[in-house]
>>> print(open('data-v6.cif').read())   # mmCIF, C-alpha atoms
data_run
#
loop_
_atom_site.label_atom_id
_atom_site.label_comp_id
_atom_site.auth_asym_id
_atom_site.auth_seq_id
_atom_site.Cartn_x
_atom_site.Cartn_y
_atom_site.Cartn_z
CA MET M 1 -10.36 -227.05 15.59
CA ILE M 2 -11.21 -227.83 11.98
CA GLY M 3 -14.38 -225.80 12.36
CA ASN M 4 -12.29 -222.81 13.47
CA ARG M 5 -10.02 -223.16 10.46
CA ILE M 6 -13.01 -223.21 8.12
CA LEU M 7 -14.38 -220.12 9.86
CA VAL M 8 -11.08 -218.31 9.38
CA LEU M 9 -10.99 -219.37 5.74
CA VAL M 10 -14.54 -218.20 5.11
CA PHE M 11 -13.82 -214.94 6.90
CA SER M 12 -10.67 -214.17 4.90
CA PHE M 13 -12.50 -215.07 1.68
CA CYS M 14 -15.28 -212.61 2.55
CA THR M 15 -12.90 -209.75 3.33
CA GLN M 16 -11.05 -210.40 0.06
CA VAL M 17 -14.27 -210.19 -1.91
CA SER M 18 -15.42 -207.06 -0.11
CA LEU M 19 -12.06 -205.44 -0.95
CA ALA M 20 -12.80 -205.60 -4.68
CA GLN M 21 -12.95 -202.09 -6.09
CA LYS M 22 -16.00 -200.33 -7.40
CA ALA M 23 -14.90 -198.54 -10.55
CA GLU M 24 -15.51 -194.84 -10.97
CA LEU M 25 -16.71 -193.28 -14.22
CA VAL M 26 -14.22 -190.62 -15.32
CA SER M 27 -13.99 -187.94 -17.99
CA LEU M 28 -10.87 -187.47 -20.12
CA ALA M 29 -9.84 -184.51 -17.92
CA GLN M 30 -10.16 -186.63 -14.78
CA LEU M 31 -8.18 -189.43 -16.40
CA GLN M 32 -5.42 -187.00 -17.35
CA THR M 33 -5.25 -185.80 -13.74
CA LEU M 34 -4.89 -189.41 -12.60
CA MET M 35 -2.21 -190.04 -15.23
CA ALA M 36 -0.23 -187.00 -14.07
CA SER M 37 -0.44 -187.86 -10.38
CA ALA M 38 2.77 -188.72 -8.59
CA ASP M 39 1.36 -190.49 -5.53
CA GLN M 40 3.81 -193.30 -6.31
CA PRO M 41 7.19 -193.08 -8.12
CA VAL M 42 5.99 -195.36 -10.92
CA GLN M 43 2.57 -195.04 -12.57
CA ILE M 44 1.29 -197.84 -14.77
CA ILE M 45 -1.83 -197.00 -16.74
CA ASN M 46 -3.35 -199.92 -18.59
CA PHE M 47 -6.08 -199.51 -21.23
CA TRP M 48 -8.34 -202.55 -21.42
CA ALA M 49 -11.89 -203.82 -21.84
CA THR M 50 -13.83 -206.82 -20.55
CA TRP M 51 -14.40 -208.06 -24.14
CA CYS M 52 -10.68 -207.92 -25.02
CA ALA M 53 -9.16 -211.41 -24.61
CA PRO M 54 -5.46 -210.39 -24.55
CA CYS M 55 -6.31 -207.64 -22.03
CA VAL M 56 -7.94 -210.14 -19.67
CA LYS M 57 -5.01 -212.50 -20.16
CA GLU M 58 -2.41 -209.91 -19.09
CA LEU M 59 -4.38 -208.60 -16.06
CA PRO M 60 -2.74 -211.02 -13.56
CA LEU M 61 0.68 -209.51 -14.38
CA LEU M 62 -0.61 -206.03 -13.50
CA GLU M 63 -2.37 -207.30 -10.40
CA LYS M 64 0.80 -209.04 -9.24
CA LEU M 65 2.82 -205.85 -9.63
CA ASN M 66 0.16 -203.84 -7.79
CA ARG M 67 0.25 -206.38 -4.95
CA GLU M 68 4.00 -206.75 -4.66
CA ARG M 69 5.43 -203.27 -5.30
CA ASN M 70 4.78 -200.39 -2.91
CA ASP M 71 6.40 -197.88 -5.26
CA VAL M 72 4.07 -198.70 -8.17
CA ARG M 73 0.55 -197.42 -8.73
CA VAL M 74 -1.48 -199.48 -11.23
CA THR M 75 -4.57 -197.90 -12.81
CA LEU M 76 -6.75 -200.01 -15.07
CA VAL M 77 -8.71 -197.81 -17.50
CA SER M 78 -11.72 -199.65 -18.88
CA MET M 79 -12.79 -198.63 -22.39
CA ASP M 80 -15.98 -200.70 -22.24
CA MET M 81 -18.30 -197.68 -22.46
CA ASP M 82 -17.10 -196.95 -25.98
CA LEU M 83 -19.26 -199.93 -27.05
CA ASP M 84 -21.80 -200.24 -24.24
CA THR M 85 -23.17 -197.41 -22.08
CA ASN M 86 -24.02 -199.78 -19.22
CA PRO M 87 -20.99 -200.14 -16.89
CA GLU M 88 -22.58 -203.10 -15.03
CA LYS M 89 -20.49 -205.61 -17.02
CA VAL M 90 -17.31 -203.95 -15.72
CA TYR M 91 -18.54 -203.94 -12.08
CA LYS M 92 -19.36 -207.65 -12.34
CA PHE M 93 -16.00 -208.43 -13.92
CA ILE M 94 -14.12 -206.60 -11.14
CA SER M 95 -15.95 -208.43 -8.39
CA ARG M 96 -15.77 -211.85 -10.14
CA LYS M 97 -12.03 -211.53 -10.69
CA ASN M 98 -11.58 -209.74 -7.33
CA ILE M 99 -9.49 -207.01 -8.98
CA GLN M 100 -7.46 -205.07 -6.40
CA SER M 101 -5.82 -202.42 -8.61
CA ARG M 102 -7.59 -199.09 -9.08
CA VAL M 103 -10.13 -199.33 -11.93
CA VAL M 104 -11.72 -196.36 -13.69
CA ILE M 105 -14.17 -196.42 -16.61
CA LEU M 106 -13.59 -193.81 -19.27
CA ASN M 107 -16.83 -192.12 -20.29
CA GLU M 108 -16.04 -190.10 -23.42
CA ARG M 109 -17.27 -189.79 -27.00
CA ASP M 110 -15.44 -189.40 -30.31
CA PRO M 111 -12.21 -191.36 -29.59
CA ASN M 112 -10.45 -189.74 -32.58
CA SER M 113 -10.46 -186.44 -30.70
CA TRP M 114 -8.57 -187.76 -27.63
CA ILE M 115 -6.63 -190.98 -28.41
CA SER M 116 -3.50 -189.07 -29.41
CA THR M 117 -3.64 -186.99 -26.19
CA ILE M 118 -2.99 -190.22 -24.21
CA ASP M 119 0.06 -190.93 -26.39
CA THR M 120 0.88 -189.66 -29.89
CA SER M 121 1.90 -193.17 -30.96
CA TRP M 122 -1.33 -194.88 -29.87
CA SER M 123 -3.52 -196.21 -32.70
CA GLY M 124 -6.36 -196.89 -30.27
CA ALA M 125 -5.86 -200.67 -30.31
CA LEU M 126 -6.26 -202.61 -27.06
CA PRO M 127 -4.48 -203.63 -24.93
CA ALA M 128 -2.12 -200.69 -24.41
CA THR M 129 -0.05 -199.72 -21.37
CA LEU M 130 1.63 -196.47 -20.35
CA ILE M 131 4.54 -196.60 -17.90
CA VAL M 132 5.56 -193.30 -16.31
CA ASN M 133 8.36 -192.69 -13.84
CA SER M 134 7.25 -189.55 -12.04
CA THR M 135 10.76 -189.00 -10.64
CA THR M 136 12.68 -189.08 -13.94
CA GLY M 137 9.73 -187.90 -16.04
CA LYS M 138 10.46 -190.68 -18.57
CA ARG M 139 7.57 -192.57 -20.15
CA ARG M 140 7.07 -195.61 -22.37
CA PHE M 141 3.96 -196.58 -24.32
CA TRP M 142 3.43 -200.27 -25.06
CA GLU M 143 0.76 -201.07 -27.67
CA ARG M 144 0.59 -204.86 -27.45
CA GLU M 145 -0.08 -207.65 -25.00
CA LEU M 146 2.17 -207.81 -21.93
CA HIS M 147 4.06 -211.01 -21.24
CA GLU M 148 5.99 -212.17 -18.18
CA GLY M 149 8.92 -209.81 -17.59
CA ASP M 150 7.70 -207.00 -19.93
CA LEU M 151 6.56 -204.69 -17.12
CA GLU M 152 9.83 -205.08 -15.20
CA ARG M 153 11.84 -204.33 -18.35
CA LEU M 154 9.69 -201.29 -19.23
CA MET M 155 10.07 -199.93 -15.68
CA GLU M 156 13.85 -200.36 -16.03
CA GLU M 157 13.70 -198.33 -19.28
CA VAL M 158 12.07 -195.31 -17.60
CA LYS M 159 14.46 -195.28 -14.63
CA MET S 1 41.79 -202.33 -45.93
CA ASN S 2 42.73 -204.67 -43.15
CA THR S 3 40.38 -207.18 -41.62
CA MET S 4 40.07 -205.26 -38.37
CA LYS S 5 38.84 -202.13 -40.17
CA LYS S 6 36.39 -204.18 -42.24
CA ALA S 7 35.05 -205.79 -39.09
CA MET S 8 34.67 -202.36 -37.45
CA ILE S 9 32.78 -200.93 -40.43
CA GLY S 10 30.59 -204.04 -40.52
CA LEU S 11 29.77 -203.58 -36.83
CA VAL S 12 28.93 -199.88 -37.27
CA VAL S 13 26.65 -200.66 -40.25
CA ALA S 14 24.95 -203.45 -38.29
CA LEU S 15 24.39 -201.15 -35.31
CA PHE S 16 23.00 -198.42 -37.57
CA PHE S 17 20.42 -200.75 -39.09
CA ALA S 18 19.58 -202.33 -35.75
CA GLY S 19 18.81 -198.88 -34.35
CA SER S 20 16.83 -197.52 -37.30
CA PRO S 21 13.07 -197.62 -36.72
CA VAL S 22 11.03 -200.14 -38.69
CA LYS S 23 8.79 -198.43 -41.25
CA LYS S 24 5.31 -198.50 -39.81
CA GLY S 25 3.06 -198.81 -42.85
CA TYR S 26 1.52 -196.19 -45.09
CA GLU S 27 0.90 -192.51 -44.56
CA VAL S 28 -1.69 -190.59 -46.55
CA GLY S 29 -0.18 -189.77 -49.97
CA ASP S 30 1.95 -192.94 -50.14
CA SER S 31 1.48 -195.34 -53.04
CA ALA S 32 -0.06 -198.63 -52.02
CA THR S 33 1.00 -202.01 -53.35
CA ASP S 34 -1.35 -204.58 -54.80
CA PHE S 35 -1.71 -208.03 -53.23
CA LYS S 36 -2.83 -211.55 -54.11
CA LEU S 37 -4.91 -213.04 -51.31
CA LYS S 38 -7.36 -215.94 -51.04
CA ASN S 39 -11.05 -215.11 -50.79
CA VAL S 40 -13.63 -217.06 -48.76
CA ASP S 41 -14.86 -218.54 -52.10
CA GLY S 42 -11.39 -220.02 -52.68
CA ARG S 43 -10.44 -217.62 -55.48
CA ILE S 44 -7.37 -215.38 -55.44
CA VAL S 45 -8.20 -211.66 -55.48
CA SER S 46 -5.92 -208.80 -56.49
CA LEU S 47 -6.68 -205.11 -57.03
CA ALA S 48 -5.34 -205.33 -60.60
CA GLY S 49 -8.35 -207.52 -61.38
CA TYR S 50 -10.66 -204.49 -61.01
CA LYS S 51 -10.06 -202.78 -64.36
CA ASP S 52 -12.81 -200.15 -64.02
CA ALA S 53 -12.30 -199.30 -60.36
CA LYS S 54 -11.73 -195.62 -59.51
CA GLY S 55 -10.44 -196.59 -56.09
CA PHE S 56 -10.88 -199.04 -53.23
CA ILE S 57 -12.13 -199.18 -49.65
CA ILE S 58 -9.81 -201.68 -47.95
CA VAL S 59 -11.08 -202.80 -44.53
CA PHE S 60 -8.84 -204.79 -42.18
CA ASP S 61 -11.53 -206.75 -40.41
CA CYS S 62 -12.06 -210.00 -38.50
CA ASN S 63 -14.70 -212.40 -37.18
CA THR S 64 -14.09 -212.07 -33.48
CA CYS S 65 -13.63 -208.42 -32.47
CA PRO S 66 -16.73 -206.77 -30.96
CA TYR S 67 -15.80 -203.56 -32.81
CA SER S 68 -15.76 -205.41 -36.13
CA ARG S 69 -19.11 -206.94 -35.26
CA ALA S 70 -20.53 -203.54 -34.31
CA TYR S 71 -19.55 -202.35 -37.80
CA ASP S 72 -20.65 -205.43 -39.84
CA GLU S 73 -23.82 -203.83 -41.16
CA ARG S 74 -22.11 -200.50 -41.83
CA ILE S 75 -19.39 -202.30 -43.83
CA VAL S 76 -22.06 -204.05 -45.94
CA ALA S 77 -23.81 -200.68 -46.45
CA LEU S 78 -20.56 -199.03 -47.58
CA SER S 79 -20.05 -201.74 -50.22
CA LYS S 80 -23.68 -201.47 -51.35
CA LYS S 81 -23.32 -197.71 -51.78
CA TYR S 82 -19.90 -197.48 -53.44
CA ALA S 83 -19.36 -200.71 -55.42
CA PRO S 84 -21.92 -199.58 -58.06
CA GLN S 85 -19.94 -196.32 -58.35
CA ASN S 86 -16.80 -198.34 -59.23
CA PHE S 87 -15.37 -197.87 -55.75
CA PRO S 88 -15.42 -201.46 -54.43
CA LEU S 89 -14.90 -202.54 -50.83
CA ILE S 90 -12.52 -205.36 -49.94
CA ALA S 91 -12.24 -206.84 -46.45
CA ILE S 92 -9.06 -208.53 -45.23
CA ASN S 93 -8.59 -210.65 -42.10
CA ALA S 94 -4.99 -210.73 -40.86
CA ASN S 95 -5.60 -212.21 -37.38
CA ASP S 96 -3.41 -215.18 -36.51
CA PRO S 97 -5.80 -218.16 -36.09
CA GLU S 98 -3.23 -219.71 -33.70
CA SER S 99 -4.03 -217.04 -31.10
CA SER S 100 -7.60 -216.40 -32.25
CA SER S 101 -9.19 -219.67 -33.42
CA GLY S 102 -12.44 -217.89 -34.29
CA ASP S 103 -10.52 -216.24 -37.13
CA SER S 104 -9.61 -219.46 -38.97
CA PHE S 105 -10.36 -219.62 -42.71
CA ASP S 106 -13.29 -222.01 -42.12
CA ASN S 107 -14.78 -219.57 -39.63
CA MET S 108 -14.26 -216.72 -42.10
CA VAL S 109 -16.31 -218.65 -44.68
CA LYS S 110 -19.13 -219.10 -42.14
CA ASP S 111 -18.86 -215.54 -40.87
CA ALA S 112 -18.97 -213.98 -44.36
CA ARG S 113 -22.25 -215.81 -44.93
CA ARG S 114 -23.67 -214.75 -41.54
CA LYS S 115 -22.68 -211.11 -42.02
CA GLY S 116 -23.97 -211.03 -45.59
CA TYR S 117 -20.59 -210.08 -47.06
CA ASP S 118 -21.20 -210.06 -50.83
CA PHE S 119 -17.71 -208.64 -51.48
CA PRO S 120 -14.27 -210.26 -51.07
CA TYR S 121 -13.30 -211.29 -47.54
CA LEU S 122 -9.65 -212.22 -47.91
CA VAL S 123 -7.24 -214.03 -45.61
CA ASP S 124 -3.82 -212.41 -45.06
CA GLU S 125 -2.15 -215.59 -43.87
CA THR S 126 1.42 -214.24 -43.72
CA GLN S 127 0.19 -210.88 -42.30
CA GLU S 128 2.44 -209.18 -44.85
CA VAL S 129 -0.33 -207.05 -46.34
CA ALA S 130 -1.46 -205.81 -42.92
CA LYS S 131 2.16 -204.99 -42.07
CA ALA S 132 2.82 -203.24 -45.40
CA TYR S 133 -0.31 -201.11 -44.96
CA GLY S 134 0.34 -200.49 -41.27
CA ALA S 135 -3.01 -201.85 -40.09
CA THR S 136 -3.14 -201.94 -36.29
CA ASN S 137 -6.66 -202.77 -35.23
CA THR S 138 -10.01 -203.98 -36.54
CA PRO S 139 -11.82 -202.53 -38.34
CA HIS S 140 -9.10 -200.31 -39.84
CA VAL S 141 -9.89 -198.67 -43.19
CA PHE S 142 -7.56 -197.57 -46.00
CA VAL S 143 -9.19 -195.65 -48.88
CA LEU S 144 -7.13 -195.83 -52.08
CA ILE S 145 -7.56 -193.71 -55.21
CA LYS S 146 -6.46 -195.05 -58.60
CA ASN S 147 -4.56 -192.92 -61.12
CA GLY S 148 -3.75 -195.06 -64.15
CA SER S 149 -2.15 -198.11 -62.60
CA ASN S 150 -1.05 -196.17 -59.51
CA LEU S 151 -2.82 -196.56 -56.17
CA THR S 152 -2.49 -193.69 -53.69
CA VAL S 153 -3.56 -193.79 -50.04
CA ALA S 154 -6.16 -191.04 -49.52
CA TYR S 155 -7.60 -191.87 -46.09
CA ILE S 156 -6.55 -194.02 -43.11
CA GLY S 157 -8.67 -194.67 -40.04
CA THR S 158 -12.07 -195.51 -38.69
CA ILE S 159 -15.44 -195.72 -40.46
CA ASP S 160 -17.19 -193.06 -38.34
CA ASP S 161 -17.12 -191.40 -34.92
CA ASN S 162 -19.49 -193.69 -33.00
CA ALA S 163 -18.86 -197.44 -32.79
CA ARG S 164 -21.61 -197.94 -30.22
CA ASN S 165 -24.58 -196.64 -32.12
CA PRO S 166 -24.93 -195.89 -35.86
CA SER S 167 -27.74 -193.40 -35.15
CA ASP S 168 -25.42 -191.30 -32.95
CA VAL S 169 -22.83 -190.89 -35.70
CA THR S 170 -22.02 -187.27 -36.53
CA LYS S 171 -18.92 -187.77 -38.71
CA LYS S 172 -18.92 -190.36 -41.50
CA TYR S 173 -15.18 -190.31 -42.20
CA VAL S 174 -15.01 -193.01 -44.91
CA GLU S 175 -18.13 -191.83 -46.76
CA ASN S 176 -16.89 -188.23 -46.70
CA ALA S 177 -13.51 -189.32 -48.08
CA VAL S 178 -14.94 -191.46 -50.89
CA ASP S 179 -17.56 -188.82 -51.81
CA ALA S 180 -14.81 -186.21 -52.08
CA LEU S 181 -12.62 -188.49 -54.23
CA LEU S 182 -15.54 -189.35 -56.54
CA ALA S 183 -16.22 -185.62 -56.95
CA GLY S 184 -12.52 -184.99 -57.69
CA LYS S 185 -12.14 -182.92 -54.52
CA PRO S 186 -9.51 -183.17 -51.77
CA VAL S 187 -10.36 -185.28 -48.71
CA THR S 188 -10.90 -183.03 -45.65
CA THR S 189 -10.17 -185.50 -42.83
CA THR S 190 -7.44 -187.85 -44.03
CA LYS S 191 -6.53 -189.64 -40.81
CA THR S 192 -8.48 -190.73 -37.72
CA ARG S 193 -8.01 -193.08 -34.77
CA ALA S 194 -10.49 -195.30 -32.96
CA VAL S 195 -10.53 -197.70 -30.07
CA GLY S 196 -10.44 -201.24 -31.42
CA CYS S 197 -9.06 -204.74 -31.07
CA GLY S 198 -5.38 -204.96 -31.83
CA ILE S 199 -4.58 -207.26 -34.77
CA LYS S 200 -3.52 -210.66 -33.38
CA TRP S 201 0.06 -210.88 -34.69
CA LYS S 202 1.92 -214.16 -34.99
CA SER S 203 4.49 -214.53 -32.22
CA ALA S 204 7.94 -213.75 -33.62
#
>>> encode(input="data-v6.cif", output="structure tokens")
Amino acid sequence: MIGNRILVLVFSFCTQVSLAQKAELVSLAQLQTLMASADQPVQIINFWATWCAPCVKELPLLEKLNRERNDVRVTLVSMDMDLDTNPEKVYKFISRKNIQSRVVILNERDPNSWISTIDTSWSGALPATLIVNSTTGKRRFWERELHEGDLERLMEEVK
Amino acid sequence: MNTMKKAMIGLVVALFFAGSPVKKGYEVGDSATDFKLKNVDGRIVSLAGYKDAKGFIIVFDCNTCPYSRAYDERIVALSKKYAPQNFPLIAINANDPESSSGDSFDNMVKDARRKGYDFPYLVDETQEVAKAYGATNTPHVFVLIKNGSNLTVAYIGTIDDNARNPSDVTKKYVENAVDALLAGKPVTTTKTRAVGCGIKWKSA
């Protein structure tokens, strides 16, 4: 009986781990296509990096939303390659933290040429989060760490 | 005027100010204010103390951000190149040590030694200087040109176009700006953006 329970536990743990995403390397054009997609009514695009402490701290809030809301699509855009060409660190992070949201790794040079195309108000500082309601077309850009309740309030603002 | 009217006007004025956007630091061409901040050697530094300076390279920097660390040597090189030409470099750390303990004053003293900072590395304890300038991330550079006692912002942004690797740099934004100013020419690229660590602000 107990043995069965352990088996079930081990099995569910394994499937969880195997569900962790493998992040895709994307160009700016590919990222913009993702950002414009309307596969869910609300798109949340979060810019982060494994080295960024406040980014890592706010990730559970994004993961929770991704898990609990069927009308929200969360995309985590890793900026790690701006400092390190090897994406291995990102892959390891995703599997260690068992990240379930979609993760892409931006592979672009010369940030000055494209930062303002993401949002004209963005300085380039991390973390930063874009919230788009594809139904109303409204968007909000949030250039600071997310705290409990921020995402819900921002989604309300783009309704 | 009766009390009701006064109250109404008061409310309208309050709403107007509540809705007006907060000024977000300097733009190129604005005049910059001086400051008095504590250096890692314990002394207070202000720009007015540099009588012969033609201008300044102000770098909002910190101990902990990987971008700042990637630029440590390039910041030292900038100071080495321009301080002798009366264009000194001054680094300022505005990070709140409450949320980033590695940025405490004691750690700044250690870090300045490790990085070989032979120029001021100042602590902006109240974060008022960073807010006045509109610094957002680290490292964030403001190049100032001096006319008499006036300081004018001539460049705002990043040091160059490649944080990852100094040998892959194709645009040296700060060097180009300072070279132009020293030659009495206009700065070509006056504003740039870069990915970086957001300044760790004190919680309101």
>>> interface_residues(input="data-v6.cif", of="chain S", to="chain M", cutoff="6 Å", atoms="only C-alpha atoms", output="compact mmCIF listing (two decimals) with C-alpha atoms, keeping the file's coordinate frame")
# COMPACT_ATOMS: atom_id res chain seq x y z
CA ASN S 137 -6.66 -202.77 -35.23
CA ASP S 161 -17.12 -191.40 -34.92
CA ARG S 164 -21.61 -197.94 -30.22
CA THR S 192 -8.48 -190.73 -37.72
CA ARG S 193 -8.01 -193.08 -34.77
CA ALA S 194 -10.49 -195.30 -32.96
CA VAL S 195 -10.53 -197.70 -30.07
CA GLY S 196 -10.44 -201.24 -31.42
CA CYS S 197 -9.06 -204.74 -31.07
CA GLY S 198 -5.38 -204.96 -31.83
>>> residues_near_point(input="data-v6.cif", point="(-9.5, -203.8, -51.1)", cutoff="12 Å", atoms="only C-alpha atoms", output="PyMOL selection string")
chain S and resi 32-37+39+45-50+53-61+79+83+87-93+119-124+129-130+133+140-146+151+153
>>> atom_distance(input="data-v6.cif", atom1="atom CA of M:Val42", atom2="atom CA of M:Asn107")
24.9 Å
>>> residues_around(input="data-v6.cif", residues="M:Ser37", least_positions_apart="5", cutoff="9 Å", atoms="all atoms listed in the file", output="VMD selection string")
chain M and resid 32 43 134
>>> atom_distance(input="data-v6.cif", atom1="atom CA of S:Tyr26", atom2="atom CA of S:Gln127")
15.0 Å
>>> closest_residue(input="data-v6.cif", among="S:Val178, S:Val109, S:Ile156, S:Ala94", to="S:Glu128", atoms="only C-alpha atoms")
S:Ala94
>>> decode(input="data-v6.cif", residues="stretch 119-146 of chain S", atoms="N, CA and C atoms", output="mmCIF file, in the first residue's frame")
data_model
loop_
_atom_site.group_PDB
_atom_site.id
_atom_site.type_symbol
_atom_site.label_atom_id
_atom_site.label_comp_id
_atom_site.auth_asym_id
_atom_site.auth_seq_id
_atom_site.Cartn_x
_atom_site.Cartn_y
_atom_site.Cartn_z
ATOM 1 N N PHE S 119 39.387 56.459 -8.584
ATOM 2 C CA PHE S 119 38.583 57.676 -8.736
ATOM 3 C C PHE S 119 37.459 57.561 -7.701
ATOM 4 N N PRO S 120 36.704 58.634 -7.449
ATOM 5 C CA PRO S 120 35.664 58.553 -6.432
ATOM 6 C C PRO S 120 34.617 57.481 -6.741
ATOM 7 N N TYR S 121 34.259 56.732 -5.703
ATOM 8 C CA TYR S 121 33.148 55.771 -5.776
ATOM 9 C C TYR S 121 32.230 56.169 -4.620
ATOM 10 N N LEU S 122 31.172 56.892 -4.957
ATOM 11 C CA LEU S 122 30.360 57.580 -3.959
ATOM 12 C C LEU S 122 29.083 56.811 -3.631
ATOM 13 N N VAL S 123 28.614 56.968 -2.411
ATOM 14 C CA VAL S 123 27.362 56.328 -2.019
ATOM 15 C C VAL S 123 26.225 57.373 -2.042
ATOM 16 N N ASP S 124 25.150 57.038 -2.758
ATOM 17 C CA ASP S 124 23.973 57.909 -2.844
ATOM 18 C C ASP S 124 22.914 57.312 -1.910
ATOM 19 N N GLU S 125 23.134 57.548 -0.623
ATOM 20 C CA GLU S 125 22.341 56.884 0.410
ATOM 21 C C GLU S 125 20.841 57.171 0.295
ATOM 22 N N THR S 126 20.491 58.434 0.014
ATOM 23 C CA THR S 126 19.070 58.797 -0.059
ATOM 24 C C THR S 126 18.484 58.501 -1.440
ATOM 25 N N GLN S 127 19.342 58.148 -2.394
ATOM 26 C CA GLN S 127 18.959 57.883 -3.797
ATOM 27 C C GLN S 127 18.470 59.142 -4.506
ATOM 28 N N GLU S 128 18.674 60.301 -3.892
ATOM 29 C CA GLU S 128 18.161 61.538 -4.484
ATOM 30 C C GLU S 128 18.920 61.947 -5.738
ATOM 31 N N VAL S 129 20.226 61.660 -5.764
ATOM 32 C CA VAL S 129 21.013 62.026 -6.947
ATOM 33 C C VAL S 129 20.593 61.153 -8.130
ATOM 34 N N ALA S 130 20.469 59.845 -7.879
ATOM 35 C CA ALA S 130 20.045 58.924 -8.944
ATOM 36 C C ALA S 130 18.676 59.324 -9.479
ATOM 37 N N LYS S 131 17.780 59.739 -8.577
ATOM 38 C CA LYS S 131 16.435 60.142 -9.004
ATOM 39 C C LYS S 131 16.490 61.440 -9.795
ATOM 40 N N ALA S 132 17.276 62.417 -9.312
ATOM 41 C CA ALA S 132 17.381 63.707 -10.003
ATOM 42 C C ALA S 132 17.930 63.513 -11.413
ATOM 43 N N TYR S 133 18.939 62.631 -11.547
ATOM 44 C CA TYR S 133 19.543 62.398 -12.858
ATOM 45 C C TYR S 133 18.641 61.531 -13.743
ATOM 46 N N GLY S 134 17.845 60.682 -13.108
ATOM 47 C CA GLY S 134 17.011 59.760 -13.881
ATOM 48 C C GLY S 134 17.753 58.488 -14.228
ATOM 49 N N ALA S 135 18.689 58.091 -13.343
ATOM 50 C CA ALA S 135 19.405 56.826 -13.560
ATOM 51 C C ALA S 135 18.430 55.681 -13.345
ATOM 52 N N THR S 136 18.496 54.663 -14.206
ATOM 53 C CA THR S 136 17.559 53.546 -14.107
ATOM 54 C C THR S 136 18.257 52.215 -13.859
ATOM 55 N N ASN S 137 19.426 52.057 -14.422
ATOM 56 C CA ASN S 137 20.097 50.763 -14.321
ATOM 57 C C ASN S 137 21.599 50.962 -14.122
ATOM 58 N N THR S 138 22.310 49.866 -13.927
ATOM 59 C CA THR S 138 23.760 49.966 -13.751
ATOM 60 C C THR S 138 24.476 49.115 -14.785
ATOM 61 N N PRO S 139 25.569 49.612 -15.394
ATOM 62 C CA PRO S 139 26.050 50.986 -15.284
ATOM 63 C C PRO S 139 25.278 51.922 -16.223
ATOM 64 N N HIS S 140 24.981 53.125 -15.740
ATOM 65 C CA HIS S 140 24.248 54.119 -16.523
ATOM 66 C C HIS S 140 25.091 55.396 -16.494
ATOM 67 N N VAL S 141 25.474 55.879 -17.670
ATOM 68 C CA VAL S 141 26.440 56.984 -17.755
ATOM 69 C C VAL S 141 25.768 58.307 -18.139
ATOM 70 N N PHE S 142 26.197 59.379 -17.467
ATOM 71 C CA PHE S 142 25.778 60.743 -17.802
ATOM 72 C C PHE S 142 27.040 61.554 -18.050
ATOM 73 N N VAL S 143 27.238 62.030 -19.274
ATOM 74 C CA VAL S 143 28.403 62.879 -19.572
ATOM 75 C C VAL S 143 27.954 64.334 -19.469
ATOM 76 N N LEU S 144 28.691 65.097 -18.620
ATOM 77 C CA LEU S 144 28.345 66.504 -18.402
ATOM 78 C C LEU S 144 29.455 67.386 -18.965
ATOM 79 N N ILE S 145 29.062 68.509 -19.559
ATOM 80 C CA ILE S 145 30.054 69.482 -20.038
ATOM 81 C C ILE S 145 29.904 70.747 -19.198
ATOM 82 N N LYS S 146 31.066 71.338 -18.840
ATOM 83 C CA LYS S 146 31.043 72.509 -17.955
ATOM 84 C C LYS S 146 31.229 73.785 -18.774
#
